Each structure stands twice: as C-alpha cells, then as structure tokens.
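**Student:** This is the structure I want to talk about, given as structure tokens.
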Amino acid sequence: MDKLELDDDDNVIAGGRYHNSKDFMKFPNVGSPALEWPPLVRLEHPAFAKGGSILSAIDEGDILLHYPYHHFRAFVNYLREAAIHPEVKEIRISIYRLSGNSRVINALISAAKNGKSVTVMIELRARFDEEANLEWSRKLQDAGIKVIFGIPDMKVHCKLVLVTRVRKGQMKHYGVIATGNFNEGTAKVYSDLALFTAHEEICAEIYKVFLFLEKPYRLFRFKHLVVAPAYMRNQFVKKINREIRLAKEGKEAHIFLKLNSLVDEVMIRKLYRAAKAGVKIRIMVRGICSLVPNVPGESENIEVRSIVDRFLEHSRVIIFGNDGQEECYISSADWMTRNLDYRVEVGCIIHDEKVKKELMDFMELQWSDNVKARLIDADQTNQYVGAVTGEAQVRAQFDLYHHITNSQEATPA
C-alpha cells in the first residue's frame, strides 16, 4: 500500500474495482447519443396527480406504484407532507441504500426540525454503501433523529415506512411497503413496486416490525405480513402445502413467482414436490435460478422464464392459486437462504381488490413477453421465447408503460 500510495480510503479488496459494478450506472457516455436510451417520461399516479393531500389519497384506498414508470417524487412528497402536517406525530423508516443527494434524508431532517418524532433504521452493512450510510447516520443524529443500527449478525433488508397522525384524538397510520430501496437513483432504472396503504391491520403489523428492530429479543405474531427470519419461510411453505393439497383434491392449484434469485434448496424441493402433485408453477427469475424446470417426473409442471431488458427487473411477487381465490404478495426477499434465514425481510399480502387485479395483470403481461423473455432449461441454452408467426410482439417493460399510461390515465410527471 505504501509503494502504491494507497490509503484507507482506497479499495484494496482483490478485484474490488470490478465487484462494485453499480458505478457503471452513472458512467458517462463517451460515445454518440445513439448509444443512449431515449429519456423515459415518468408518470404521476392519478391518485397523486390532483395536487391534493397524499395522505388523503391513501385514505381512499391502497395505491401501487410501479417504478421506474411512476415518478419516485410521489414517495418524497409523501414524506414531505408528513414532515409539515400538523397532525403527524411520528415517522418511522427502514433504509438500506440511498442516492448520493437524498431527498428522503432531507425530508426526514425537515420532519425532525418541525417537531416530529423520527426513527430511522439504517443498515450500515449494505455492501459498497457502508461508508455512505455511516455518513447519513451522522447527519440524521445531528438533526436529533433517533437512529437504529440494525441487529447483530443480521442485515435489515426490508423496505418500510410508517407515518402516524392523530386526528380528533384518534391515531391513524399510513404505511409504505416496497420491493426496492427508497433511492431516487435506482428508482429510475430498477423495476420495483411500492404499496401505499392505510389498512389498519397491515399498518399495525408494520409498527410491530419497527418494535422488533428496536428490541429484537421480542417476538411478534403476524397475519398480514410475512416477516423473515422468524416466519417467512414457514408461511410460504404452508401456502405451497395448501396448493399441493388442493391439487390432490382435484381443485385449482397454481403458483406464480417473480424473483431475482431462486437458490434456496428447501424451497426448491418444496416446489418440485408441488409440481409432482399436479400444481402448475410459473416462475419469472431475472438472475440465478437453481431450480431445473421441465424434467420428466420431477418438474414437468414448472416453467421458468427470465426478462433482461432496459430496466433491471427487481420486484418480487408471489401468487398462490388457492382454488380460484388467489393470494398475492409483494416482498423485499428473494428465495435465498440468506434472505429467508439471516435477514430481516418483509412481504405483504394484497387485500385491495383493485390493486390485486393490477398486480395479477402485471404478472400476466410479464409472462406474455415474447421479445426479451428467455426460457430457462436444464441445458442453460436460454433461448428467447420468441413470437409465433402472426402473433403480436409483447415487450413487457415497454407495454407496461403504455398500459399504465392508458389504463390509469396517468399524467407525465
């Protein structure tokens, strides 16, 4: 290090310059403009486009944002409104990665200056963001904000916010559960989901998660959230077992998953067992998939596809057929051992029927992709699905943008 004139601020991990490839996201264009995608005009969700209170909009019903198609500004405005609203008393948020100039942090500091009680759970062990998160934590503490630094030997990877207001003597909560980070930068290039809800029982359970983060020796029970490491694996195994039972009874049984990675052996074996029992299983996996589909007698009822396109597919969605009464979840966790057993992760069931249909339509559109979707098989040939002669081309990311624009009458943000 002396010879190379390196100090402690330099990355001295072997190969470190390659591991930190997220820096390529901000790499300047050194060629012609033709090498760049045309700018995406991000949309304002109609529930937030009226210029009124975001909290009042959430009171009207659950709202699902699709990043990067919807503008991340809606989330920032949600925090900003909470920061100045005279009835808001508390804000709680879990943070894993932030952008370089975070408006999220600015809104939280503003809330503290306005007399709100603000609690921030910030993960100091987020890979490659350790130093940045430490600096953010100092700024938050300097503003009088209560900062929690996670749980020993366990990363906190969930994406949660809870805003509490007191109206006419009654306490009211507004929660956000997301599949991706509260990060303006990644919200432009990652395909993620964020649920805004005032559902009383869901928000009460979000509050329990924050209590657990402050006092991890306490155990809580959850009905609407699936929380790792204590419950998520067992809850999803129970759901798969139910689909197996339904299939054996001759009833409708299917599972539809969207994950970044599927490598956990226990969950894979359970999916194999479900396939053998007759459960129809469809899986969208953007990254690593250790499950081998279409093996006769083993996984012939399983089909796996992967989409790699302009935006990084990052959302996690789990749907169980439940004999025609589908149960839909969004989650911060992939089906990896580290996520299910060694991290704090949160998934949430979707109760709002309109949002549920929106999520199921989103999944079907993903599955219909015949431009960028590839078939995952035992030989790892990764052939594109491809449009059949005479069949209309479906490019899920582009078509979703047009679908949101048309169906929700969204306005440019």
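Chains: A, B, ... in order of the structure tokens. Residues: from 1 per chain. Ligands: from 1, in order shown.
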Excluding range 261-268 of chain A and its own-chain neighbours fewer than 5 positions away, which residues fall within 10 Å of it when counting only C-alpha atoms? Please give them as number ranges by chain.
**Tutor:** A: 233-234, 236-237, 240, 273-274, 283-292, 314, 316, 333-340
**Student:** Which residues come within 9 Å of Ile63 in chain A, counting only C-alpha atoms, excluding same-chain residues fewer than 3 positions away, as a PyMOL selection string?
**Tutor:** chain A and resi 45+47+57-58+194-197+352+355
**Student:** Take the residues from that selection and write them out as a PDB file, in the first residue's frame, keeping C-alpha atoms.
**Tutor:**
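As written to disk, again05.pdb reads:
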```pdb
ATOM      1  CA  HIS A  45     -50.178   8.175 -10.499  1.00  0.00           C
ATOM      2  CA  ALA A  47     -54.329   9.329  -7.185  1.00  0.00           C
ATOM      3  CA  ALA A  57     -55.419   9.915  -1.320  1.00  0.00           C
ATOM      4  CA  ILE A  58     -54.195   6.884   0.621  1.00  0.00           C
ATOM      5  CA  ALA A 194     -44.315   0.247  -3.691  1.00  0.00           C
ATOM      6  CA  LEU A 195     -47.624  -0.206  -1.867  1.00  0.00           C
ATOM      7  CA  PHE A 196     -49.111   2.805  -0.066  1.00  0.00           C
ATOM      8  CA  THR A 197     -51.776   1.718   2.420  1.00  0.00           C
ATOM      9  CA  ASP A 352     -57.342  -4.212  -2.052  1.00  0.00           C
ATOM     10  CA  VAL A 355     -54.541  -3.368  -6.597  1.00  0.00           C
TER      11      VAL A 355
END
```
**Student:** Leaving out Ala228 in chain A and any residue of its chain fewer than 3 positions from it, which residues lie within 7 Å of it when counting only C-alpha atoms, given as a PyMOL selection string?
**Tutor:** chain A and resi 231-232+340-341+343-346
**Student:** For the selection just defined, write its residues with N, CA and C atoms to a file, as an mmCIF file, in the first residue's frame.
**Tutor:**
```
data_model
loop_
_atom_site.group_PDB
_atom_site.id
_atom_site.type_symbol
_atom_site.label_atom_id
_atom_site.label_comp_id
_atom_site.auth_asym_id
_atom_site.auth_seq_id
_atom_site.Cartn_x
_atom_site.Cartn_y
_atom_site.Cartn_z
ATOM 1 N N TYR A 231 -40.664 -16.033 10.321
ATOM 2 C CA TYR A 231 -41.919 -16.570 9.813
ATOM 3 C C TYR A 231 -41.976 -16.801 8.306
ATOM 4 N N MET A 232 -41.210 -16.057 7.523
ATOM 5 C CA MET A 232 -41.429 -16.043 6.082
ATOM 6 C C MET A 232 -41.323 -17.428 5.459
ATOM 7 N N LEU A 340 -34.043 -15.602 3.667
ATOM 8 C CA LEU A 340 -35.091 -16.247 4.458
ATOM 9 C C LEU A 340 -34.670 -16.518 5.898
ATOM 10 N N ASP A 341 -33.367 -16.704 6.127
ATOM 11 C CA ASP A 341 -32.901 -17.118 7.460
ATOM 12 C C ASP A 341 -32.000 -16.122 8.169
ATOM 13 N N ARG A 343 -31.728 -12.494 7.317
ATOM 14 C CA ARG A 343 -32.033 -11.081 7.120
ATOM 15 C C ARG A 343 -33.444 -10.774 7.624
ATOM 16 N N VAL A 344 -33.642 -9.517 7.979
ATOM 17 C CA VAL A 344 -34.997 -9.059 8.273
ATOM 18 C C VAL A 344 -35.618 -8.616 6.955
ATOM 19 N N GLU A 345 -36.608 -9.365 6.511
ATOM 20 C CA GLU A 345 -37.306 -9.106 5.256
ATOM 21 C C GLU A 345 -38.809 -9.045 5.532
ATOM 22 N N VAL A 346 -39.522 -8.346 4.679
ATOM 23 C CA VAL A 346 -40.967 -8.231 4.869
ATOM 24 C C VAL A 346 -41.695 -8.388 3.542
#
```
**Student:** Point out the residue among A:Glu44, A:Asp369, A:Glu300, A:Glu81 with the least atom-to-atom distance to Ser56 in chain A, counting only C-alpha atoms.
**Tutor:** A:Glu81
**Student:** Which residues of range 209-286 of chain A come within 8 Å of range 144-157 of chain A, and for each one, what is the closest pair of atoms and their distance in Å to one decimal, counting only C-alpha atoms, sorted by chain and residue number, as CSV?
**Tutor:**
```
residue,atom,partner,partner_atom,distance
A:Leu213,CA,A:Gly150,CA,6.6
A:Glu214,CA,A:Ile148,CA,7.0
A:Pro216,CA,A:Ile151,CA,7.2
```
